[in-house]
$ cat run_21.pdb   # PDB, C-alpha atoms
ATOM      1  CA  MET A1355     -17.699 -25.297 -51.989  1.00  0.00           C
ATOM      2  CA  CYS A1356     -17.700 -27.065 -55.360  1.00  0.00           C
ATOM      3  CA  GLN A1357     -18.282 -25.100 -58.567  1.00  0.00           C
ATOM      4  CA  GLN A1358     -21.471 -26.984 -59.389  1.00  0.00           C
ATOM      5  CA  THR A1359     -23.002 -26.150 -56.006  1.00  0.00           C
ATOM      6  CA  VAL A1360     -22.041 -22.482 -56.347  1.00  0.00           C
ATOM      7  CA  CYS A1361     -23.647 -22.296 -59.801  1.00  0.00           C
ATOM      8  CA  LEU A1362     -26.870 -23.886 -58.576  1.00  0.00           C
ATOM      9  CA  LEU A1363     -27.032 -21.585 -55.531  1.00  0.00           C
ATOM     10  CA  GLN A1364     -26.309 -18.600 -57.742  1.00  0.00           C
ATOM     11  CA  ALA A1365     -29.268 -19.484 -59.991  1.00  0.00           C
ATOM     12  CA  ALA A1366     -31.570 -19.869 -56.976  1.00  0.00           C
ATOM     13  CA  ILE A1367     -30.503 -16.508 -55.540  1.00  0.00           C
ATOM     14  CA  GLU A1368     -31.095 -14.853 -58.920  1.00  0.00           C
ATOM     15  CA  ARG A1369     -34.621 -16.296 -59.042  1.00  0.00           C
ATOM     16  CA  ALA A1370     -35.228 -14.501 -55.731  1.00  0.00           C
ATOM     17  CA  GLY A1371     -34.330 -11.208 -57.440  1.00  0.00           C
ATOM     18  CA  ILE A1372     -30.748 -10.770 -56.201  1.00  0.00           C
ATOM     19  CA  THR A1373     -28.056 -10.225 -58.836  1.00  0.00           C
ATOM     20  CA  THR A1374     -25.032 -12.524 -58.463  1.00  0.00           C
ATOM     21  CA  VAL A1375     -21.599 -13.180 -59.929  1.00  0.00           C
ATOM     22  CA  SER A1376     -19.113 -15.999 -59.407  1.00  0.00           C
ATOM     23  CA  ILE A1377     -15.456 -16.641 -60.145  1.00  0.00           C
ATOM     24  CA  SER A1378     -14.788 -19.975 -61.799  1.00  0.00           C
ATOM     25  CA  LEU A1379     -11.692 -22.137 -62.087  1.00  0.00           C
ATOM     26  CA  LEU A1380     -13.461 -24.905 -64.014  1.00  0.00           C
ATOM     27  CA  ARG A1381     -14.644 -23.530 -67.329  1.00  0.00           C
ATOM     28  CA  GLU A1382     -15.932 -26.939 -68.462  1.00  0.00           C
ATOM     29  CA  VAL A1383     -18.292 -27.218 -65.481  1.00  0.00           C
ATOM     30  CA  THR A1384     -19.378 -23.584 -65.598  1.00  0.00           C
ATOM     31  CA  SER A1385     -20.179 -23.719 -69.323  1.00  0.00           C
ATOM     32  CA  VAL A1386     -22.459 -26.739 -68.750  1.00  0.00           C
ATOM     33  CA  ILE A1387     -24.291 -25.423 -65.670  1.00  0.00           C
ATOM     34  CA  ARG A1388     -24.494 -21.866 -67.051  1.00  0.00           C
ATOM     35  CA  PRO A1389     -24.793 -19.645 -63.977  1.00  0.00           C
ATOM     36  CA  PRO A1390     -26.132 -16.143 -64.631  1.00  0.00           C
ATOM     37  CA  ARG A1391     -22.755 -14.362 -64.465  1.00  0.00           C
ATOM     38  CA  SER A1392     -19.342 -15.934 -64.096  1.00  0.00           C
ATOM     39  CA  LEU A1393     -15.735 -14.864 -64.567  1.00  0.00           C
ATOM     40  CA  PHE A1394     -13.324 -17.634 -65.540  1.00  0.00           C
ATOM     41  CA  THR A1395      -9.805 -17.215 -64.184  1.00  0.00           C
ATOM     42  CA  PRO A1396      -7.058 -19.477 -65.580  1.00  0.00           C
ATOM     43  CA  PHE A1397      -5.270 -20.144 -62.318  1.00  0.00           C
ATOM     44  CA  PRO A1398      -4.586 -23.360 -60.387  1.00  0.00           C
ATOM     45  CA  MET A1399      -7.282 -24.825 -58.151  1.00  0.00           C
ATOM     46  CA  GLY A1400      -7.477 -22.967 -54.873  1.00  0.00           C
ATOM     47  CA  TYR A1401      -6.232 -19.684 -56.375  1.00  0.00           C
ATOM     48  CA  PRO A1402      -9.244 -18.007 -58.025  1.00  0.00           C
ATOM     49  CA  LEU A1403      -7.667 -14.585 -57.464  1.00  0.00           C
ATOM     50  CA  GLY A1404      -4.259 -15.587 -58.808  1.00  0.00           C
ATOM     51  CA  GLU A1405      -1.001 -15.685 -56.959  1.00  0.00           C
ATOM     52  CA  PRO A1406      -0.922 -14.852 -53.231  1.00  0.00           C
ATOM     53  CA  ASN A1407       0.233 -11.387 -52.190  1.00  0.00           C
ATOM     54  CA  ASN A1408      -0.387  -9.905 -55.641  1.00  0.00           C
ATOM     55  CA  ALA A1409      -2.911  -7.261 -54.643  1.00  0.00           C
ATOM     56  CA  PRO A1410      -2.942  -5.418 -58.012  1.00  0.00           C
ATOM     57  CA  LEU A1411      -3.862  -8.623 -59.861  1.00  0.00           C
ATOM     58  CA  GLN A1412      -6.439  -9.597 -57.242  1.00  0.00           C
ATOM     59  CA  HIS A1413      -8.067  -6.164 -57.437  1.00  0.00           C
ATOM     60  CA  ARG A1414      -8.298  -6.450 -61.240  1.00  0.00           C
ATOM     61  CA  ILE A1415      -9.978  -9.853 -60.939  1.00  0.00           C
ATOM     62  CA  ILE A1416     -12.473  -8.637 -58.335  1.00  0.00           C
ATOM     63  CA  THR A1417     -13.220  -5.523 -60.415  1.00  0.00           C
ATOM     64  CA  ALA A1418     -13.761  -7.660 -63.537  1.00  0.00           C
ATOM     65  CA  ALA A1419     -16.151  -9.896 -61.598  1.00  0.00           C
ATOM     66  CA  LEU A1420     -18.083  -6.978 -60.110  1.00  0.00           C
ATOM     67  CA  ASP A1421     -18.372  -5.372 -63.559  1.00  0.00           C
ATOM     68  CA  LEU A1422     -20.386  -8.424 -64.633  1.00  0.00           C
ATOM     69  CA  LEU A1423     -23.133  -7.400 -62.192  1.00  0.00           C
ATOM     70  CA  GLU A1424     -24.202  -4.786 -64.742  1.00  0.00           C
ATOM     71  CA  ARG A1425     -24.841  -7.426 -67.415  1.00  0.00           C
ATOM     72  CA  ASP A1426     -28.431  -8.456 -68.111  1.00  0.00           C
ATOM     73  CA  ASP A1427     -27.647 -10.684 -71.107  1.00  0.00           C
ATOM     74  CA  VAL A1428     -27.353 -13.799 -68.966  1.00  0.00           C
ATOM     75  CA  PRO A1429     -25.909 -16.368 -68.858  1.00  0.00           C
ATOM     76  CA  VAL A1430     -22.503 -14.696 -69.186  1.00  0.00           C
ATOM     77  CA  LEU A1431     -19.156 -16.491 -68.962  1.00  0.00           C
ATOM     78  CA  VAL A1432     -16.218 -14.133 -69.453  1.00  0.00           C
ATOM     79  CA  ASN A1433     -12.534 -15.060 -69.564  1.00  0.00           C
ATOM     80  CA  PHE A1434     -10.212 -13.037 -67.361  1.00  0.00           C
ATOM     81  CA  VAL A1435      -7.042 -12.288 -69.301  1.00  0.00           C
ATOM     82  CA  SER A1436      -3.850 -11.498 -67.435  1.00  0.00           C
ATOM     83  CA  ASP A1437      -0.135 -11.507 -68.034  1.00  0.00           C
ATOM     84  CA  ALA A1438       0.116 -13.414 -64.746  1.00  0.00           C
ATOM     85  CA  ALA A1439      -1.960 -16.311 -66.078  1.00  0.00           C
ATOM     86  CA  PRO A1440      -0.061 -19.573 -66.653  1.00  0.00           C
ATOM     87  CA  ASN A1441       0.941 -20.374 -70.219  1.00  0.00           C
ATOM     88  CA  GLY A1442      -0.537 -23.340 -72.005  1.00  0.00           C
TER      89      GLY A1442
END

$ encode --input "run_21.pdb" --output "structure tokens"
Amino acid sequence: MCQQTVCLLQAAIERAGITTVSISLLREVTSVIRPPRSLFTPFPMGYPLGEPNNAPLQHRIITAALDLLERDDVPVLVNFVSDAAPNG
């Protein structure tokens, strides 16, 4: 599903009273659409949780995303920082 669609669905779900969070690979799109809570991960398209078979990294990303559920100061766009992130 495209990032724009996810952001729009997320906003609709929030209006129904359900707290949401998303993981974004396209910071430019997410910053324009401004979903309630989003974690930006700096990985290649198709790898929002980082490299395959790296469970410790994937758990850190999921935990960081779930931690955003406690935030009420929406919209929130947080950068995930990791040593495994590509340089550049």

$ resolve_selection --input "run_21.pdb" --expression "the PyMOL selection byres ((chain A and resi 1363) around 12)" --output "list in words"
Met1355, Cys1356, Gln1357, Gln1358, Thr1359, Val1360, Cys1361, Leu1362, Gln1364, Ala1365, Ala1366, Ile1367, Glu1368, Arg1369, Ala1370, Ile1372, Thr1373, Thr1374, Val1375, Ser1376, Ile1387, Arg1388, Pro1389 and Pro1390 of chain A

$ closest_residue --input "run_21.pdb" --among "A:Met1399, A:Val1386, A:Val1435, A:Ile1377" --to "Ile1416 (chain A)" --atoms "all atoms listed in the file"
A:Ile1377

$ resolve_selection --input "run_21.pdb" --expression "the PyMOL selection byres ((chain A and resi 1428) around 10)" --output "list in words"
Arg1388, Pro1389, Pro1390, Arg1391, Ser1392, Leu1422, Arg1425, Asp1426, Asp1427, Pro1429, Val1430 and Leu1431 of chain A

$ closest_residue --input "run_21.pdb" --among "A:Ser1378, A:Phe1394, A:Leu1411, A:Gly1371" --to "Val1432 (chain A)" --atoms "only C-alpha atoms"
A:Phe1394

$ atom_distance --input "run_21.pdb" --atom1 "CA of Ser1385 (chain A)" --atom2 "CA of Asn1433 (chain A)"
11.6 Å

$ closest_residue --input "run_21.pdb" --among "A:Ala1418, A:Val1383, A:Glu1424, A:Ser1436" --to "Glu1405 (chain A)" --atoms "only C-alpha atoms"
A:Ser1436

$ decode --input "run_21.pdb" --residues "chain A" --atoms "C-alpha atoms" --output "compact mmCIF listing (two decimals), in the first residue's frame"
# COMPACT_ATOMS: atom_id res chain seq x y z
CA MET A 1355 0.00 0.00 0.00
CA CYS A 1356 1.40 3.44 -0.85
CA GLN A 1357 2.50 5.80 1.92
CA GLN A 1358 -0.10 8.41 1.01
CA THR A 1359 -2.93 5.89 1.29
CA VAL A 1360 -1.64 4.64 4.64
CA CYS A 1361 -1.47 8.20 6.00
CA LEU A 1362 -5.01 8.98 4.88
CA LEU A 1363 -6.36 5.72 6.34
CA GLN A 1364 -4.48 6.38 9.56
CA ALA A 1365 -6.14 9.80 9.89
CA ALA A 1366 -9.59 8.30 9.27
CA ILE A 1367 -9.03 5.57 11.88
CA GLU A 1368 -7.88 8.19 14.40
CA ARG A 1369 -11.07 10.20 13.80
CA ALA A 1370 -12.98 7.06 14.82
CA GLY A 1371 -11.14 7.12 18.16
CA ILE A 1372 -8.50 4.45 17.52
CA THR A 1373 -4.87 5.42 18.12
CA THR A 1374 -2.54 4.57 15.22
CA VAL A 1375 1.12 4.61 14.23
CA SER A 1376 2.87 4.02 10.91
CA ILE A 1377 6.39 3.34 9.72
CA SER A 1378 7.48 5.52 6.83
CA LEU A 1379 10.18 5.17 4.20
CA LEU A 1380 9.28 8.41 2.43
CA ARG A 1381 9.85 11.30 4.79
CA GLU A 1382 8.96 13.87 2.11
CA VAL A 1383 5.49 12.38 1.61
CA THR A 1384 4.86 11.80 5.31
CA SER A 1385 5.84 15.35 6.26
CA VAL A 1386 3.32 16.75 3.74
CA ILE A 1387 0.40 14.46 4.62
CA ARG A 1388 1.13 14.61 8.36
CA PRO A 1389 -0.37 11.41 9.78
CA PRO A 1390 -0.98 11.43 13.53
CA ARG A 1391 2.08 9.34 14.47
CA SER A 1392 4.81 8.10 12.17
CA LEU A 1393 8.30 6.68 12.54
CA PHE A 1394 10.67 7.38 9.65
CA THR A 1395 13.20 4.64 8.98
CA PRO A 1396 16.09 5.41 6.60
CA PHE A 1397 16.14 2.09 4.79
CA PRO A 1398 15.61 1.16 1.13
CA MET A 1399 12.08 0.82 -0.23
CA GLY A 1400 10.56 -2.49 0.76
CA TYR A 1401 12.61 -2.74 3.98
CA PRO A 1402 10.82 -0.61 6.60
CA LEU A 1403 12.23 -2.81 9.37
CA GLY A 1404 15.79 -2.76 8.04
CA GLU A 1405 17.82 -5.66 6.80
CA PRO A 1406 16.25 -9.14 6.66
CA ASN A 1407 17.07 -11.59 9.45
CA ASN A 1408 18.22 -8.85 11.82
CA ALA A 1409 15.73 -9.48 14.61
CA PRO A 1410 17.39 -7.17 17.19
CA LEU A 1411 17.17 -4.20 14.80
CA GLN A 1412 13.61 -5.07 13.78
CA HIS A 1413 12.53 -5.31 17.42
CA ARG A 1414 14.04 -1.87 18.13
CA ILE A 1415 12.14 -0.37 15.19
CA ILE A 1416 8.84 -1.95 16.22
CA THR A 1417 9.37 -0.83 19.84
CA ALA A 1418 10.15 2.73 18.69
CA ALA A 1419 6.97 2.76 16.60
CA LEU A 1420 4.81 1.37 19.41
CA ASP A 1421 6.25 3.94 21.83
CA LEU A 1422 4.72 6.64 19.63
CA LEU A 1423 1.25 5.37 20.58
CA GLU A 1424 1.67 7.17 23.90
CA ARG A 1425 2.12 10.55 22.19
CA ASP A 1426 -0.82 12.95 22.14
CA ASP A 1427 1.06 15.89 20.60
CA VAL A 1428 0.10 14.91 17.07
CA PRO A 1429 1.13 15.02 14.31
CA VAL A 1430 4.43 13.37 15.25
CA LEU A 1431 7.15 12.36 12.80
CA VAL A 1432 10.17 10.83 14.53
CA ASN A 1433 13.41 9.69 12.91
CA PHE A 1434 14.62 6.22 13.79
CA VAL A 1435 18.37 6.33 14.31
CA SER A 1436 20.41 3.17 13.93
CA ASP A 1437 23.98 2.15 13.29
CA ALA A 1438 22.55 -0.17 10.63
CA ALA A 1439 21.09 2.74 8.65
CA PRO A 1440 22.78 3.46 5.30
CA ASN A 1441 25.23 6.35 5.21
CA GLY A 1442 24.50 9.42 3.15
